[in-house]
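Source file: protein_11.txt (compact mmCIF, C-alpha atoms)
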```txt
# COMPACT_ATOMS: atom_id res chain seq x y z
CA MET Q 419 27.92 15.83 23.25
CA PRO Q 420 27.09 18.91 21.20
CA SER Q 421 27.32 22.39 22.71
CA LYS Q 422 24.57 25.01 22.71
CA GLN Q 423 26.40 26.58 19.77
CA ASP Q 424 26.22 23.28 17.89
CA ILE Q 425 22.47 23.00 18.59
CA LEU Q 426 21.96 26.55 17.33
CA ASP Q 427 23.93 25.75 14.20
CA LEU Q 428 21.84 22.65 13.62
CA TYR Q 429 18.35 23.86 14.47
CA PHE Q 430 18.05 27.65 14.77
CA MET Q 431 17.01 28.35 11.19
CA ASP Q 432 14.44 25.56 11.23
CA ALA Q 433 13.00 26.69 14.59
CA ARG Q 434 12.96 30.33 13.39
CA CYS Q 435 11.02 29.29 10.31
CA LYS Q 436 8.47 27.33 12.38
CA LEU Q 437 8.10 30.20 14.84
CA ILE Q 438 7.27 32.61 12.01
CA ASP Q 439 4.83 30.03 10.63
CA ILE Q 440 3.02 29.99 13.99
CA ALA Q 441 2.92 33.80 14.09
CA ALA Q 442 1.55 33.89 10.55
CA PHE Q 443 -1.06 31.26 11.44
CA LEU Q 444 -2.27 33.41 14.35
CA ASP Q 445 -2.38 36.48 12.08
CA ARG Q 446 -4.34 34.46 9.51
CA MET Q 447 -6.88 33.46 12.14
CA ASP Q 448 -7.27 37.14 13.10
CA ARG Q 449 -7.73 38.18 9.51
CA PHE Q 450 -10.64 35.94 8.58
CA ASP Q 451 -14.26 36.03 9.71
CA GLY Q 452 -16.22 33.45 11.66
CA ASP Q 453 -15.81 31.66 14.95
CA ALA Q 454 -12.86 29.55 15.99
CA ASP Q 455 -13.50 26.27 17.81
CA TYR Q 456 -11.95 24.29 20.65
CA ARG Q 457 -8.83 23.59 18.58
CA PHE Q 458 -7.86 27.26 18.64
CA ASN Q 459 -8.45 27.51 22.37
CA GLY Q 460 -6.29 24.41 22.77
CA PHE Q 461 -3.60 26.00 20.62
CA HIS Q 462 -3.49 29.07 22.86
CA GLU Q 463 -3.41 26.89 25.98
CA ALA Q 464 -0.50 24.98 24.47
CA LEU Q 465 1.35 28.22 23.75
CA ASP Q 466 0.88 29.26 27.38
CA ALA Q 467 2.05 25.83 28.53
CA MET Q 468 5.18 26.14 26.39
CA LEU Q 469 6.06 29.45 28.02
CA LYS Q 470 5.25 28.23 31.54
CA PRO Q 471 5.94 24.47 31.52
CA GLY Q 472 6.44 24.12 35.26
CA GLU Q 473 8.23 20.87 36.13
CA GLN Q 474 7.68 19.34 32.70
CA SER Q 475 9.75 19.85 29.59
CA ARG Q 476 8.22 22.31 27.14
CA ALA Q 477 7.41 19.54 24.68
CA GLN Q 478 5.66 17.54 27.41
CA ALA Q 479 3.74 20.63 28.53
CA VAL Q 480 2.50 21.34 25.01
CA LEU Q 481 1.53 17.71 24.40
CA ASN Q 482 -0.28 17.50 27.72
CA ALA Q 483 -2.13 20.76 27.03
CA LEU Q 484 -3.33 19.25 23.75
CA SER Q 485 -4.38 15.94 25.36
CA ASP Q 486 -7.68 14.57 26.61
CA GLN Q 487 -7.16 14.46 30.39
CA THR Q 488 -10.21 12.31 31.19
CA VAL Q 489 -9.55 8.79 32.46
CA GLU Q 490 -12.59 6.61 31.70
CA PRO Q 491 -13.11 4.88 28.34
CA ILE Q 492 -15.94 6.46 26.35
CA PRO Q 493 -19.09 4.46 25.58
CA LYS Q 494 -18.84 4.62 21.82
CA ALA Q 495 -16.73 6.20 19.07
CA ILE Q 496 -18.61 8.59 16.83
CA ILE Q 497 -15.58 9.27 14.62
CA GLN Q 498 -12.40 7.33 13.82
CA GLY Q 499 -9.98 10.23 13.57
CA ALA Q 500 -8.51 12.80 15.94
CA PHE Q 501 -8.37 16.57 15.71
CA GLY Q 502 -5.28 17.47 17.71
CA ALA Q 503 -6.90 19.15 20.71
CA PRO Q 504 -9.41 17.98 23.32
CA ASN Q 505 -13.00 19.12 22.93
CA LYS Q 506 -13.63 19.91 26.57
CA GLN Q 507 -17.25 20.91 25.95
CA ALA Q 508 -17.85 17.42 24.55
CA GLY Q 509 -16.37 15.92 27.70
CA ASN Q 510 -12.80 15.23 26.68
CA MET L 732 4.42 -3.10 2.91
CA VAL L 733 0.96 -3.43 1.46
CA SER L 734 0.46 0.32 1.12
CA ARG L 735 3.78 1.03 -0.61
CA THR L 736 5.25 0.53 -4.04
CA THR L 737 8.13 -1.82 -4.78
CA ASP L 738 10.37 1.23 -5.21
CA ASP L 739 10.27 1.62 -1.43
CA TYR L 740 11.62 -1.90 -0.88
CA GLN L 741 14.43 -1.08 -3.27
CA ALA L 742 15.24 2.21 -1.52
CA MET L 743 15.21 0.53 1.89
CA ALA L 744 17.55 -2.20 0.67
CA ILE L 745 19.97 0.39 -0.69
CA ALA L 746 19.79 2.23 2.66
CA GLY L 747 20.91 -0.95 4.46
CA CYS L 748 17.59 -2.24 5.79
CA GLU L 749 17.86 -5.94 6.66
CA ALA L 750 14.35 -6.68 7.89
CA ILE L 751 10.87 -5.21 7.86
CA CYS L 752 8.31 -5.86 10.58
CA GLU L 753 4.88 -4.99 9.24
CA PRO L 754 1.94 -4.75 11.61
CA ALA L 755 -1.60 -5.57 10.59
CA PHE L 756 -3.31 -2.22 10.33
CA TRP L 757 -6.15 -0.23 8.86
CA ALA L 758 -6.59 -0.38 5.08
CA GLY L 759 -7.59 3.27 4.86
CA PHE L 760 -11.20 2.09 4.88
CA ASP L 761 -13.15 -0.39 7.00
CA ARG L 762 -13.14 -3.89 5.56
CA SER L 763 -16.62 -5.25 4.94
CA SER L 764 -16.11 -8.87 5.98
CA ALA L 765 -13.97 -11.15 8.08
CA GLN L 766 -12.98 -12.87 4.84
CA GLY L 767 -11.35 -9.61 3.80
CA PHE L 768 -8.98 -10.03 6.74
CA HIS L 769 -8.26 -13.62 5.73
CA ASP L 770 -7.07 -12.34 2.37
CA TYR L 771 -5.10 -9.58 4.09
CA TYR L 772 -3.35 -12.05 6.40
CA ARG L 773 -2.41 -14.14 3.35
CA GLN L 774 -0.97 -11.01 1.77
CA LEU L 775 1.07 -10.32 4.91
CA THR L 776 2.30 -13.88 5.41
CA GLU L 777 2.71 -15.08 1.80
CA TYR L 778 3.05 -12.29 -0.73
CA GLU L 779 4.90 -9.51 1.10
CA PRO L 780 7.77 -11.80 2.26
CA GLN L 781 8.31 -12.76 -1.38
CA ARG L 782 8.21 -9.13 -2.51
CA ALA L 783 10.76 -8.11 0.12
CA ALA L 784 13.00 -11.12 -0.58
CA LYS L 785 13.61 -9.86 -4.12
CA PHE L 786 15.62 -7.07 -2.50
CA GLY L 787 17.36 -9.21 0.11
CA ILE L 788 15.09 -7.95 2.89
CA LYS L 789 13.47 -10.32 5.39
CA HIS L 790 9.81 -9.56 5.94
CA PHE L 791 8.01 -10.32 9.21
CA CYS L 792 4.52 -9.39 10.30
CA TRP L 793 2.22 -8.96 13.29
CA LEU L 794 -1.42 -10.05 13.15
CA CYS L 795 -4.60 -8.61 14.64
CA ILE L 796 -7.66 -6.58 13.83
CA ASN L 797 -6.52 -3.02 14.35
CA PRO L 798 -8.28 -0.86 16.95
CA LYS L 799 -9.83 1.42 14.33
CA GLU L 800 -12.03 -1.51 13.27
CA ALA L 801 -12.60 -2.86 16.78
CA GLU L 802 -15.63 -0.76 17.65
CA ASP L 803 -17.96 -3.52 16.42
CA SER L 804 -16.95 -6.21 18.88
CA GLY L 805 -18.94 -8.94 17.11
CA PHE L 806 -17.13 -8.27 13.86
CA ALA L 807 -13.79 -8.01 15.65
CA ARG L 808 -14.30 -11.43 17.25
CA GLU L 809 -15.10 -12.97 13.85
CA VAL L 810 -11.76 -11.67 12.62
CA MET L 811 -9.87 -12.71 15.75
CA ALA L 812 -11.13 -16.26 15.26
CA ILE L 813 -9.12 -16.40 12.02
CA ILE L 814 -5.82 -15.33 13.58
CA PRO L 815 -4.75 -18.67 15.15
CA GLU L 816 -4.76 -20.36 11.75
CA PHE L 817 -1.98 -17.97 10.68
CA LEU L 818 0.14 -18.00 13.83
CA ASP L 819 2.19 -20.95 12.61
CA ALA L 820 3.21 -19.12 9.43
CA PRO L 821 7.03 -18.82 9.48
CA THR L 822 7.17 -15.02 9.43
CA VAL L 823 4.56 -14.13 12.07
CA LEU L 824 6.17 -12.38 15.05
CA GLY L 825 3.20 -12.00 17.39
CA ILE L 826 0.01 -10.04 17.96
CA GLY L 827 -0.13 -6.43 16.74
CA GLU L 828 -0.62 -3.68 16.31
CA ILE L 829 -3.41 -3.89 18.82
CA GLY L 830 -4.34 -1.07 21.13
CA LEU L 831 -6.83 1.76 21.20
CA ASN L 832 -8.00 4.41 18.75
CA LYS L 833 -10.74 6.52 20.38
CA ASN L 834 -10.43 4.92 23.84
CA THR L 835 -13.86 3.25 23.81
CA ILE L 836 -15.18 0.48 25.99
CA SER L 837 -15.42 -1.86 23.00
CA GLU L 838 -11.89 -1.11 21.81
CA LEU L 839 -10.60 -1.85 25.28
CA THR L 840 -12.46 -5.18 25.45
CA ILE L 841 -11.10 -6.29 22.08
CA PHE L 842 -7.63 -5.16 23.12
CA GLU L 843 -7.82 -7.35 26.21
CA GLU L 844 -9.00 -10.31 24.13
CA HIS L 845 -6.05 -9.85 21.75
CA VAL L 846 -3.71 -9.80 24.74
CA ALA L 847 -5.23 -13.10 25.87
CA ILE L 848 -4.44 -14.65 22.46
CA ALA L 849 -0.83 -13.51 22.76
CA GLN L 850 -0.58 -14.91 26.28
CA LYS L 851 -2.12 -18.22 25.23
CA HIS L 852 0.46 -18.63 22.45
CA ASP L 853 3.30 -17.01 24.41
CA LEU L 854 3.94 -14.39 21.73
CA PRO L 855 5.25 -10.82 21.87
CA ILE L 856 2.79 -7.94 21.52
CA LEU L 857 3.06 -4.76 19.45
CA ILE L 858 0.77 -1.98 20.67
CA HIS L 859 -0.57 1.04 18.83
CA THR L 860 -1.29 4.08 20.98
CA PRO L 861 -3.97 6.52 19.84
CA HIS L 862 -3.39 9.64 17.83
CA LEU L 863 -2.98 13.23 18.96
CA GLU L 864 -5.31 14.27 21.81
CA ASP L 865 -6.25 10.65 22.52
CA LYS L 866 -2.71 9.34 23.04
CA LEU L 867 -2.15 10.24 26.68
CA LYS L 868 -5.42 8.75 27.91
CA GLY L 869 -5.10 5.71 25.66
CA THR L 870 -1.58 4.96 26.80
CA ARG L 871 -2.69 5.07 30.43
CA LEU L 872 -5.65 2.75 29.73
CA ILE L 873 -3.39 0.33 27.84
CA ILE L 874 -0.80 0.18 30.60
CA ASP L 875 -3.51 -0.41 33.22
CA ALA L 876 -5.05 -3.21 31.13
CA LEU L 877 -1.67 -4.90 30.62
CA LYS L 878 -0.94 -4.74 34.33
CA ASN L 879 -4.37 -6.22 35.11
CA ALA L 880 -3.68 -9.06 32.66
CA LYS L 881 -0.29 -9.65 34.32
CA VAL L 882 1.51 -9.53 30.98
CA ASP L 883 5.30 -9.80 31.07
CA PRO L 884 6.24 -6.21 30.14
CA CYS L 885 9.48 -7.37 28.53
CA LYS L 886 7.41 -9.02 25.78
CA VAL L 887 5.44 -5.87 24.95
CA ILE L 888 6.42 -2.88 22.87
CA ILE L 889 4.16 0.16 23.16
CA ASP L 890 4.54 2.15 19.97
CA HIS L 891 4.14 5.76 18.88
CA VAL L 892 5.40 7.17 22.19
CA GLU L 893 6.09 10.88 22.40
CA GLU L 894 7.56 13.10 25.09
CA HIS L 895 4.47 12.88 27.31
CA THR L 896 4.11 9.07 27.16
CA ALA L 897 7.65 7.69 26.81
CA GLY L 898 8.40 7.95 30.53
CA MET L 899 5.29 6.14 31.75
CA VAL L 900 5.86 3.30 29.25
CA LEU L 901 9.51 2.77 30.13
CA ASP L 902 8.96 3.22 33.87
CA ALA L 903 6.37 0.41 33.77
CA GLY L 904 8.98 -1.92 32.23
CA PHE L 905 7.60 -2.03 28.71
CA TRP L 906 9.56 -1.43 25.53
CA ALA L 907 8.86 1.87 23.81
CA GLY L 908 8.67 2.52 20.08
CA MET L 909 8.95 5.88 18.37
CA THR L 910 7.24 6.14 15.01
CA LEU L 911 8.95 8.65 12.77
CA TYR L 912 6.48 10.64 10.77
CA PRO L 913 6.86 13.81 8.73
CA GLU L 914 3.57 15.42 9.79
CA SER L 915 2.49 14.05 13.15
CA LYS L 916 3.78 11.70 15.82
CA CYS L 917 7.55 12.20 16.03
CA THR L 918 10.04 14.11 13.89
CA LEU L 919 13.68 13.08 13.63
CA PRO L 920 15.09 15.78 15.97
CA ARG L 921 12.40 15.00 18.57
CA ALA L 922 13.16 11.28 18.39
CA VAL L 923 16.79 12.01 19.21
CA ASP L 924 15.64 14.32 22.03
CA ILE L 925 13.56 11.46 23.47
CA LEU L 926 16.54 9.11 23.29
CA GLU L 927 18.74 11.66 25.03
CA ASN L 928 16.15 12.31 27.74
CA PHE L 929 14.91 8.77 28.38
CA GLY L 930 17.99 6.71 27.53
CA MET L 931 18.89 4.10 24.94
CA GLU L 932 17.53 1.02 26.71
CA ASN L 933 14.33 -0.81 25.70
CA ILE L 934 13.53 1.69 22.98
CA TRP L 935 13.51 1.61 19.20
CA MET L 936 12.33 3.71 16.32
CA ASN L 937 10.42 2.76 13.22
CA SER L 938 9.56 4.33 9.91
CA ALA L 939 5.87 4.89 9.29
CA CYS L 940 5.09 3.36 5.91
CA ASP L 941 1.37 3.81 5.54
CA TRP L 942 -1.22 5.39 3.26
CA GLY L 943 -0.48 8.91 4.39
CA ILE L 944 2.57 11.05 3.79
CA SER L 945 5.24 8.89 5.37
CA ASP L 946 8.85 7.99 4.75
CA PRO L 947 10.18 4.41 4.66
CA LEU L 948 13.70 5.80 5.01
CA ALA L 949 12.94 7.73 8.19
CA VAL L 950 14.99 5.40 10.40
CA ALA L 951 17.98 5.69 8.08
CA LYS L 952 17.58 9.48 8.14
CA CYS L 953 17.36 9.45 11.93
CA MET L 954 20.68 7.64 12.04
CA GLN L 955 22.09 10.70 10.29
CA GLU L 956 20.31 12.95 12.79
CA MET L 957 21.96 11.04 15.65
CA LYS L 958 25.31 11.41 13.92
CA LYS L 959 24.77 15.18 13.64
CA ARG L 960 24.13 15.19 17.42
CA GLN L 961 27.52 13.52 17.86
CA HIS L 962 26.25 10.13 19.00
CA SER L 963 28.75 7.33 18.46
CA GLN L 964 28.35 4.65 15.84
CA GLU L 965 27.99 2.15 18.68
CA THR L 966 25.05 4.06 20.19
CA ILE L 967 23.37 4.47 16.81
CA HIS L 968 23.82 0.77 16.06
CA LYS L 969 22.39 -0.17 19.44
CA VAL L 970 19.21 1.84 19.00
CA VAL L 971 18.61 1.05 15.34
CA TYR L 972 19.75 -2.57 15.21
CA ASP L 973 20.66 -4.22 18.52
CA ASN L 974 17.55 -3.11 20.42
CA PRO L 975 15.02 -4.29 17.81
CA VAL L 976 16.90 -7.59 17.40
CA LYS L 977 16.88 -8.08 21.19
CA PHE L 978 13.14 -7.50 21.47
CA LEU L 979 12.14 -9.40 18.33
CA SER L 980 14.30 -12.40 19.25
CA GLN L 981 11.63 -13.18 21.83
CA SER L 982 9.52 -14.34 18.90
CA PRO L 983 10.33 -17.91 17.86
CA ASN L 984 10.04 -16.99 14.18
CA PHE L 985 12.51 -14.11 14.22
CA SER L 986 15.98 -14.64 12.83
CA LEU L 987 18.31 -12.64 10.59
```

Would you kindly transcribe this structure into structure tokens?
Amino acid sequence: MPSKQDILDLYFMDARCKLIDIAAFLDRMDRFDGDADYRFNGFHEALDAMLKPGEQSRAQAVLNALSDQTVEPIPKAIIQGAFGAPNKQAGN
Amino acid sequence: MVSRTTDDYQAMAIAGCEAICEPAFWAGFDRSSAQGFHDYYRQLTEYEPQRAAKFGIKHFCWLCINPKEAEDSGFAREVMAIIPEFLDAPTVLGIGEIGLNKNTISELTIFEEHVAIAQKHDLPILIHTPHLEDKLKGTRLIIDALKNAKVDPCKVIIDHVEEHTAGMVLDAGFWAGMTLYPESKCTLPRAVDILENFGMENIWMNSACDWGISDPLAVAKCMQEMKKRQHSQETIHKVVYDNPVKFLSQSPNFSL
């Protein structure tokens, strides 16, 4: 099995790049006018979940934070796609 | 691979791919008639096997109306009525990829009716789980429906699992599939993480080869990722080859 040093050698630069991308995305959102929507709230909730995952892995915590937690099937689809975060105001 | 060029078959052959299992799926737009599906099933069962054979690759397929087009249950039933006529084709593996898209009542009903077709013909089932925020809920609904239908979990693979759904799928006795995708679903390093966290049994990975940005060589690349993580050749071979062969051998039409 690889050591922590091996994992750093394999993935640190890639993770560093993605971390800076996230920081730049947040800066970009600050810089422009207008209102954000539920996706941005979900993004912040996912960031919090990553830092405080509890009993879950961080990846699980992020995915769960970005998931519809309701349990009943909905009456009808009004779109075919997905947006990446639950719209809690719309009931999911 | 109806959405890909012949170059992709060539690249997959060079990468060592022996067989392709292509699920019936969305065309990128909603088809306007059941007859459109008849033509599509002919493409899957007649033309694509010939196209793959030119490169020494065996081509198999799964048949269904995909959940994205299952919202109109009347239309979906028209299409499902066509499926039995194709089940005797020599390269049909089973029913798939059925499942849910937006987790609607109608999608769930059509999913259950597809499962009944598979049970009637004693065929394996390939299941699509919803995208992004809908995946967790959809996976739970699918597992509940399969349990209610008393489906043998060994004959079902639930696809597109990620870190938050892999455990519940495997714990319920189903097979789990990881779809490797450059932009969503599962990246190569995460797929290897899932293998390391959930084990190498009853799990496989597949390359997304659809209309979006996807990579038919993703499985071959993930073999390299596993090698970088110091997994043995035996382990890599098990996940990439032995596991799929074990599951697919439950279909009477599967042979290599």

Distance limit 6 Å, atoms considered: only C-alpha atoms. Which chain Q residues sit that close to chain L? Return them as a short mmCIF file (atom, residue, chain, number, x, y, z; two decimals) with C-alpha atoms, in the frame of the given file.
```
data_model
loop_
_atom_site.label_atom_id
_atom_site.label_comp_id
_atom_site.auth_asym_id
_atom_site.auth_seq_id
_atom_site.Cartn_x
_atom_site.Cartn_y
_atom_site.Cartn_z
CA MET Q 419 27.92 15.83 23.25
CA GLN Q 478 5.66 17.54 27.41
CA LEU Q 484 -3.33 19.25 23.75
CA SER Q 485 -4.38 15.94 25.36
CA ASP Q 486 -7.68 14.57 26.61
CA PRO Q 491 -13.11 4.88 28.34
CA ILE Q 492 -15.94 6.46 26.35
CA PRO Q 493 -19.09 4.46 25.58
CA LYS Q 494 -18.84 4.62 21.82
CA GLY Q 502 -5.28 17.47 17.71
CA ALA Q 503 -6.90 19.15 20.71
CA PRO Q 504 -9.41 17.98 23.32
#
```

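Distance annotation: of Q:Asp455, Q:Ile425, Q:Leu481, Q:Phe430, the residue with the minimal separation from Ala467 in chain Q is Q:Leu481; atom set is only C-alpha atoms.
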
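The space separating CA of Gly827 in chain L from CA of Met931 in chain L comes to 23.2 Å.
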
**Request:** To one decimal in Å, tell me the separation between CA of Gln964 in chain L and CA of Glu753 in chain L.
**Result:** 26.2 Å

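With CA of Val733 in chain L on one side and CA of Leu794 in chain L on the other, the separation reads 13.6 Å.
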
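In terms of minimum interatomic distance to Lys977 in chain L, L:Asn933 ranks closest within L:Asn933, L:Asn928, L:Thr736, L:Gln955, counting only C-alpha atoms.
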
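Of the residues listed (Q:Gln423, Q:Ser475, Q:Val489, Q:Phe501), Q:Ser475 shows the shortest atom-to-atom separation from Ile925 in chain L; distances use all atoms listed in the file.
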
Would you mind listing what lies within 9 Å of Gln741 in chain L as a CSV table (one decimal) with C-alpha atoms, in the coordinates of the input, with all atoms listed in the file counted and same-chain residues fewer than 5 positions away left out?
```csv
chain,number,residue,atom,x,y,z
L,746,ALA,CA,19.8,2.2,2.7
L,783,ALA,CA,10.8,-8.1,0.1
L,785,LYS,CA,13.6,-9.9,-4.1
L,786,PHE,CA,15.6,-7.1,-2.5
```

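Each of L:Pro815, L:Gly759, L:Gly908, L:Pro913 was compared to Leu857 in chain L using only C-alpha atoms, and L:Gly908 turns out to be the nearest.
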
**Message:** Need the shell around Cys792 in chain L: protein/DNA/RNA residues with any atom at most 6 Å away, counting all atoms listed in the file. Skip same-chain ones fewer than 5 positions apart. Format as a VMD selection string?
**Reply:** chain L and resid 752 to 754 823 to 824

Could those residues be written to a file, using C-alpha atoms, as a PDB file, keeping the file's coordinate frame?
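Output below, filename again11.pdb:
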```
ATOM      1  CA  CYS L 752       8.310  -5.860  10.580  1.00  0.00           C
ATOM      2  CA  GLU L 753       4.880  -4.990   9.240  1.00  0.00           C
ATOM      3  CA  PRO L 754       1.940  -4.750  11.610  1.00  0.00           C
ATOM      4  CA  VAL L 823       4.560 -14.130  12.070  1.00  0.00           C
ATOM      5  CA  LEU L 824       6.170 -12.380  15.050  1.00  0.00           C
TER       6      LEU L 824
END
```

**Message:** Report as a count of residues only all protein, DNA and RNA residues lying within 8 Å of range 842-851 of chain L, evaluated on all atoms listed in the file, omitting residues in the same chain fewer than 3 positions from it.
**Reply:** 17

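Among the candidates L:Thr822, L:Asn879, L:Ser982, L:Asn974, the residue lying nearest to Phe791 in chain L is L:Thr822 (atoms considered: all atoms listed in the file).
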
**Prompt:** So which residues touch Cys885 in chain L within 8 Å, counting only C-alpha atoms, skipping near sequence neighbours fewer than 3 positions away, as a ChimeraX atom specification?
**Reply:** /L:888,904-906,978

Kindly reconstruct range 817-836 of chain L with N, CA and C atoms and present the result as an mmCIF file, in the coordinates of the input.
```cif
data_model
loop_
_atom_site.group_PDB
_atom_site.id
_atom_site.type_symbol
_atom_site.label_atom_id
_atom_site.label_comp_id
_atom_site.auth_asym_id
_atom_site.auth_seq_id
_atom_site.Cartn_x
_atom_site.Cartn_y
_atom_site.Cartn_z
ATOM 1 N N PHE L 817 -3.165 -18.554 11.309
ATOM 2 C CA PHE L 817 -1.980 -17.970 10.680
ATOM 3 C C PHE L 817 -0.771 -17.894 11.621
ATOM 4 N N LEU L 818 -0.965 -18.207 12.875
ATOM 5 C CA LEU L 818 0.140 -18.000 13.830
ATOM 6 C C LEU L 818 1.320 -18.946 13.597
ATOM 7 N N ASP L 819 1.076 -20.044 12.893
ATOM 8 C CA ASP L 819 2.190 -20.950 12.610
ATOM 9 C C ASP L 819 2.942 -20.577 11.335
ATOM 10 N N ALA L 820 2.482 -19.564 10.628
ATOM 11 C CA ALA L 820 3.210 -19.120 9.430
ATOM 12 C C ALA L 820 4.621 -18.692 9.852
ATOM 13 N N PRO L 821 5.627 -18.974 9.031
ATOM 14 C CA PRO L 821 7.030 -18.820 9.480
ATOM 15 C C PRO L 821 7.497 -17.384 9.690
ATOM 16 N N THR L 822 6.709 -16.402 9.277
ATOM 17 C CA THR L 822 7.170 -15.020 9.430
ATOM 18 C C THR L 822 6.320 -14.198 10.395
ATOM 19 N N VAL L 823 5.411 -14.855 11.116
ATOM 20 C CA VAL L 823 4.560 -14.130 12.070
ATOM 21 C C VAL L 823 5.318 -13.946 13.386
ATOM 22 N N LEU L 824 5.411 -12.697 13.832
ATOM 23 C CA LEU L 824 6.170 -12.380 15.050
ATOM 24 C C LEU L 824 5.312 -12.472 16.312
ATOM 25 N N GLY L 825 4.046 -12.059 16.201
ATOM 26 C CA GLY L 825 3.200 -12.000 17.390
ATOM 27 C C GLY L 825 1.903 -11.287 17.079
ATOM 28 N N ILE L 826 1.309 -10.704 18.093
ATOM 29 C CA ILE L 826 0.010 -10.040 17.960
ATOM 30 C C ILE L 826 0.228 -8.516 17.911
ATOM 31 N N GLY L 827 -0.287 -7.873 16.867
ATOM 32 C CA GLY L 827 -0.130 -6.430 16.740
ATOM 33 C C GLY L 827 -0.574 -5.911 15.383
ATOM 34 N N GLU L 828 -0.694 -4.592 15.219
ATOM 35 C CA GLU L 828 -0.620 -3.680 16.310
ATOM 36 C C GLU L 828 -2.019 -3.497 16.893
ATOM 37 N N ILE L 829 -2.159 -4.039 18.077
ATOM 38 C CA ILE L 829 -3.410 -3.890 18.820
ATOM 39 C C ILE L 829 -3.310 -2.616 19.645
ATOM 40 N N GLY L 830 -4.401 -2.281 20.309
ATOM 41 C CA GLY L 830 -4.340 -1.070 21.130
ATOM 42 C C GLY L 830 -5.674 -0.359 21.133
ATOM 43 N N LEU L 831 -5.614 0.945 21.163
ATOM 44 C CA LEU L 831 -6.830 1.760 21.200
ATOM 45 C C LEU L 831 -6.757 2.837 20.131
ATOM 46 N N ASN L 832 -7.925 3.305 19.711
ATOM 47 C CA ASN L 832 -8.000 4.410 18.750
ATOM 48 C C ASN L 832 -8.699 5.609 19.373
ATOM 49 N N LYS L 833 -9.989 5.430 19.739
ATOM 50 C CA LYS L 833 -10.740 6.520 20.380
ATOM 51 C C LYS L 833 -10.989 6.222 21.865
ATOM 52 N N ASN L 834 -10.341 5.219 22.394
ATOM 53 C CA ASN L 834 -10.430 4.920 23.840
ATOM 54 C C ASN L 834 -11.851 4.540 24.257
ATOM 55 N N THR L 835 -12.487 3.665 23.490
ATOM 56 C CA THR L 835 -13.860 3.250 23.810
ATOM 57 C C THR L 835 -13.859 1.964 24.624
ATOM 58 N N ILE L 836 -15.000 1.703 25.208
ATOM 59 C CA ILE L 836 -15.180 0.480 25.990
ATOM 60 C C ILE L 836 -14.970 -0.756 25.097
#
```
